[in-house]
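S.K.: Quick one: the structure is below, and I'll ask about it shortly.
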Amino acid sequence: MRDTAEFIAPAPLLSVENLKVHFAIRAGVFQRQVGEVKAVDGVSFSIGASETLGLVGESGCGKSTTGLALMGLVRVTDGRIAMKGALDVTSMRNVPRSHRRRMQIIFQDPFSSLNPRQRVRDIIRAPLDVHRIGTMEERQAEVAKLISLVGLRSDQADNFPHQFSGGQRQRIGIARALALKPDIIICDEPVSALDVSVQAQILNLLADLQSELGLSYLFISHDLGVVEHISHQVAVMYLGKIVETGSKKAIFSKPLHPYSELLLRSAPSHDPHHRHQFSAVSDDIPSATRKPSGCAFHTRCPLATDICRQVEPQLETKADGQSVACHHR
Amino acid sequence: MEPALAVSNLNVEILGENGAFPVVSEMSFSVNPGQTICIVGESGCGKSMTALSLLRLLPESARVASGSIKIHGEEFLAMDQRKMEDFRGDKIAMIFQEPLTALNPVLTIGEQISESVRQHRNAGKREAFARAVKCLELVQMPDPERRARQYPHELSGGMRQRAMIALALACEPKIIIADEPTTALDVTVQAQILGLISDLQKRLGMAQILITHDLGVVAETADRVIVMYAGRRVEECSVYELFDNPLHPYTVGLMGAVPHRGEAAASPRRLADIPGTVPALWDLSKGCAFAPRCPGASSRCFEERPPFTEKKPGHFAACWEHDHA
Ligand SMILES: Nc1ncnc2c1ncn2[C@@H]1O[C@H](COP(=O)(O)OP(=O)(O)OP(=O)(O)O)[C@@H](O)[C@H]1O
Ligand SMILES: Nc1ncnc2c1ncn2[C@@H]1O[C@H](COP(=O)(O)OP(=O)(O)O)[C@@H](O)[C@H]1O
Ligand code: SF4
Ligand code: SF4
Ligand SMILES: [Mg+2]
Ligand SMILES: [Mg+2]
């Protein structure tokens with residue numbers, strides 16, 4: 001186990017610069033474009049080998065869209081995505097297969113992401129078939145290995161997804177993602193739908209796979225406890241932008257951005273002797289479709305001044321590699 | 001002090017295709033005015049069925065098989081339809097996880113709250129609407145006058161939750177049942193809603209039954225806690241005892257399984273995982289329902305169900321271990 005505070009990152013495995021994904025809002029019979037949602041609006045981060053970057057933020061801030069953009073599953077509006085030893089790309093649609101294989105994704109709802117009419121062994125084998133890897137026998141052998149790697153029993157290989165519990169389905173999704181031996185897996189809320197006792201099983205499995213296979217994770221979650229547990233680095237996202245990044249230790253012990261502070265203050269403690277005094281006051285929470293000018297957080301920020309309402313702050317690097325986008329920090 | 005709500009030996013069953021099977025068994029507890037009891041457990045353990053039975057809102061497919069629910073000493077289960085409806089909203093009310101299930105989509109927020117006020121209080125239309133706006137103020141709804149004239153779909157998730165709480169509290173009930181009231185909300189909004197519920201509870205002196213699967217919410221709100229597993233209580237104690245000295249192996253497992261803020265330090269710790277999954281309620285074995293997953297299970301555990309007994313003053317558990325504790 002390494003100490004993330006003293007860990008010096010080598011050249012990153014994945015780096016994302018100024019990623020933008022804008023969706024058109026269409027209306028009327030002619031589906032004319034009436035507006036735009038800037039779901040992801042200039043996101044930059046990097047992930048090292050065998051490293052987990054936790055991406056946190058509230059519902060609708062653009063976490064999933066970021067993950068989908070990296071996978072080439074939504075159209076990238078702008079930005080640069082680079083993977084070590086591969087071409088730089090702005091649009092993942094024309095990326096060579098050899099590159100696309102290196103990044104895989106697992107989703108929150110393991111059920112809707114698995115074909116209900118396919119047997120587990122076929123689900124897991126599908127990526128190998130698509131990429132024509134090995135002979136049929138070799139593929140079958142690989143599937144058997146994957147099934148045991150993720151902790152399923154070999155006699156379950158012929159079953160269908162509905163015969164499995166939520167946690168087991170998530171294992172199937174993980175096995176499928178591992179089939180192409182990726183370098184990085186995007187985990188989009190992989191344990192949010194699971195009961196806590198099962199959630200722990202999956203988090204442990206992900207940690208084991210990371211140390212055995214040297215995987216990197218982009219771990220998307222709104223659960224600060226889970227993110228603190230699994231991440232080495234953390235990025236905090238607010239309305240399409242990263243507002244703060246840094247080592248887990250830095251973000252959780254000395255957050256700089258007022259939004260990071262608010263998140264940490266809001267998370268329930270697990271200690272009845274030290275309760276929070278939660279304030280019942282409601283604040284004005286904007287959304288991606290009506291994003292405030294300047295710093296998007298200014299409607300909720302206790303430190304906001306005039307400049308915050310007018311000028312958008314940029315990410316600036318502070319001590320210990322922590323970066324923050326705030327005029328007053 | 002007379003408890004606001006006293007439940008004893010409540011049994012709820014589901015009428016399945018192959019006959020009835022129990023979903024809640026031998027549930028008993030009481031809540032005093034101003035007190036909060038949390039019921040915690042994993043999905044399917046019977047939390048919502050317990051909550052719905054307390055309001056006599058069970059779905060067609062379920063029924064209370066036996067037991068007693070006393071509200072300020074009066075037997076709720078024996079009341080006729082009319083009296084029961086008088087009690088609902090006036091004496092006992094519910095906050096749901098998904099506000100859209102409780103709010104009527106074709107009425108404005110203000111209309112819904114005034115309707116409830118008029119049902120229980122002798123009030124005119126105007127007076128009731130003014131009361132609705134007051135309720136929205138009470139739940140700190142921003143711009144309450146305007147929001148009262150809006151429909152549920154025009155509000156954000158957090159505001160809808162506030163509107164539903166306003167509806168539940170319109171007649172100042174003495175008992176509030178909240179079933180996962182913040183589970184669907186973002187953490188910053190959850191904090192506001194938990195703050196709000198606790199403020200209101202103090203002001204109105206309500207007894208509260210708060211149902212959650214989140215131990216963090218338990219730590220923040222509970223006075224006493226009931227841990228449920230497979231339809232039964234497995235542990236009950238004060239919130240301090242629960243976090244300081246959990247007795248039941250299932251509770252201990254849950255505590256170790258939840259990653260929580262502030263403890264991961266620099267390097268990730270392995271989480272304690274409880275092997276296996278929650279059993280299906282329709283084919284529970286005869287012994288302790290937790291036995292197949294319990295690290296300390298003995299042969300007796302598979303044969304006989306442990307009784308729910310007081311292991312030390314005020315601390316109850318259903319486990320063959322700890323009998324001497
Ligand atoms: N295909 C689409 N067309 C238009 N808008 C979209 C589309 N997909 C997402 N959005 C919008 O983009 C924003 C970001 O959505 P996204 O799903 O990335 O959020 P998220 O951070 O993953 O939220 P959650 O925590 O709820 O999963 C939201 O405002 C959403 O409504
Ligand atoms: N409307 C219903 N009809 C039949 N069975 C139900 C219904 N609602 C819930 N159940 C079953 O009752 C059990 C307890 O459910 P519930 O009380 O909703 O659990 P919890 O709230 O603890 O997650 C589960 O096995 C569930 O499948
Ligand atoms: S830039 Fe201004 S409004 Fe934005 S977070 Fe910093 S202080 Fe708050
Ligand atoms: S009764 Fe036995 S199986 Fe059940 S929790 Fe106690 S030790 Fe475990
Ligand atoms: Mg998402
Ligand atoms: Mg429920």
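Residue numbering restarts at 1 in every chain; chains get A, B, ... in the order shown in the structure tokens, and ligands count up from 1 in that same order.
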Return the neighbours of chain B among the residues of chain A, cut-off 7 Å, counting only C-alpha atoms, as a PyMOL selection string.

M.R.: chain A and resi 1-4+58-59+195-197+200-201+204+224-226+228-230+249+263+266-272+275-276+278-282

S.K.: With only C-alpha atoms and all ligand atoms counted, collect every polymer residue having an atom within 10 Å of ligand 4; state the result as a PyMOL selection string.

M.R.: chain B and resi 234+247-251+287-307+317-323

S.K.: Let me see if you get this right: every residue at most 6 Å from ligand 3, counting only C-alpha atoms and all ligand atoms, written as a VMD selection string.

M.R.: chain A and resid 257 to 258 295 297 to 298 301 303 to 304 308 313 326 to 328

S.K.: Which residue, A:Glu244, A:Glu261, A:Asp183, A:Asp109, has the smallest gap to Gln168 of chain A when you use only C-alpha atoms?

M.R.: A:Asp109

S.K.: Measuring atom to atom with only C-alpha atoms and all ligand atoms, identify which of B:Asn9, B:Asp143, B:Leu15, B:Ala184 is nearest to ligand 1.

M.R.: B:Ala184

S.K.: Taking the DSSP assignment computed from this structure's backbone, write out as a ChimeraX atom specification all residues of segment 26-161 of chain A that belong to alpha helix (DSSP H).

M.R.: /A:63-70,97-100,120-130,136-149

S.K.: Residues within 12 Å of ligand 5 should be enumerated using only C-alpha atoms and all ligand atoms and returned as an MDAnalysis selection string.

M.R.: chainID A and resid 39 55:68 106:109 186:190 192 219:222

S.K.: Using DSSP assignments from the backbone, pull out every residue in segment 46-116 of chain B that falls under strand (DSSP E or B) and give it to me as an mmCIF file with N, CA and C atoms, in the first residue's frame.

M.R.:
```cif
data_model
loop_
_atom_site.group_PDB
_atom_site.id
_atom_site.type_symbol
_atom_site.label_atom_id
_atom_site.label_comp_id
_atom_site.auth_asym_id
_atom_site.auth_seq_id
_atom_site.Cartn_x
_atom_site.Cartn_y
_atom_site.Cartn_z
ATOM 1 N N ALA B 62 -50.631 -7.435 0.847
ATOM 2 C CA ALA B 62 -50.088 -7.678 2.191
ATOM 3 C C ALA B 62 -51.150 -7.389 3.237
ATOM 4 N N ARG B 63 -50.997 -7.988 4.429
ATOM 5 C CA ARG B 63 -51.929 -7.662 5.513
ATOM 6 C C ARG B 63 -51.272 -7.858 6.879
ATOM 7 N N VAL B 64 -51.826 -7.142 7.853
ATOM 8 C CA VAL B 64 -51.386 -7.353 9.219
ATOM 9 C C VAL B 64 -52.041 -8.637 9.698
ATOM 10 N N ALA B 65 -51.245 -9.624 10.075
ATOM 11 C CA ALA B 65 -51.802 -10.900 10.501
ATOM 12 C C ALA B 65 -52.216 -10.846 11.964
ATOM 13 N N SER B 66 -51.407 -10.169 12.779
ATOM 14 C CA SER B 66 -51.761 -10.010 14.188
ATOM 15 C C SER B 66 -50.914 -8.917 14.796
ATOM 16 N N GLY B 67 -51.279 -8.524 16.010
ATOM 17 C CA GLY B 67 -50.496 -7.513 16.698
ATOM 18 C C GLY B 67 -51.314 -6.305 17.080
ATOM 19 N N SER B 68 -50.633 -5.330 17.677
ATOM 20 C CA SER B 68 -51.324 -4.143 18.138
ATOM 21 C C SER B 68 -50.494 -2.898 17.848
ATOM 22 N N ILE B 69 -51.184 -1.822 17.425
ATOM 23 C CA ILE B 69 -50.540 -0.534 17.199
ATOM 24 C C ILE B 69 -51.339 0.489 17.987
ATOM 25 N N LYS B 70 -50.773 0.987 19.061
ATOM 26 C CA LYS B 70 -51.507 1.951 19.890
ATOM 27 C C LYS B 70 -50.971 3.353 19.665
ATOM 28 N N ILE B 71 -51.884 4.278 19.330
ATOM 29 C CA ILE B 71 -51.514 5.678 19.163
ATOM 30 C C ILE B 71 -52.099 6.433 20.334
ATOM 31 N N GLU B 74 -54.704 4.504 22.092
ATOM 32 C CA GLU B 74 -55.875 3.981 21.364
ATOM 33 C C GLU B 74 -55.447 2.978 20.303
ATOM 34 N N GLU B 75 -56.174 1.882 20.212
ATOM 35 C CA GLU B 75 -55.807 0.824 19.271
ATOM 36 C C GLU B 75 -56.138 1.242 17.832
ATOM 37 N N ILE B 92 -50.860 10.990 13.066
ATOM 38 C CA ILE B 92 -49.718 10.237 12.556
ATOM 39 C C ILE B 92 -49.613 10.505 11.053
ATOM 40 N N ALA B 93 -48.397 10.764 10.566
ATOM 41 C CA ALA B 93 -48.233 11.079 9.144
ATOM 42 C C ALA B 93 -46.932 10.481 8.636
ATOM 43 N N MET B 94 -46.822 10.428 7.320
ATOM 44 C CA MET B 94 -45.676 9.735 6.735
ATOM 45 C C MET B 94 -44.953 10.596 5.711
ATOM 46 N N ILE B 95 -43.631 10.501 5.734
ATOM 47 C CA ILE B 95 -42.787 11.114 4.701
ATOM 48 C C ILE B 95 -42.173 9.976 3.898
#
```

S.K.: Which of these, B:His72, B:Ala230, B:Gln81, B:Cys171, has the shortest distance to Asn122 of chain B once you count only C-alpha atoms?

M.R.: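 Closest candidate: B:Cys171.
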
S.K.: Can you work out which residues are within 8 Å of ligand 2, considering only C-alpha atoms and all ligand atoms, and then hand them over as a PyMOL selection string?

M.R.: chain B and resi 14-16+23-24+41-51+58-62+179+231+280-282
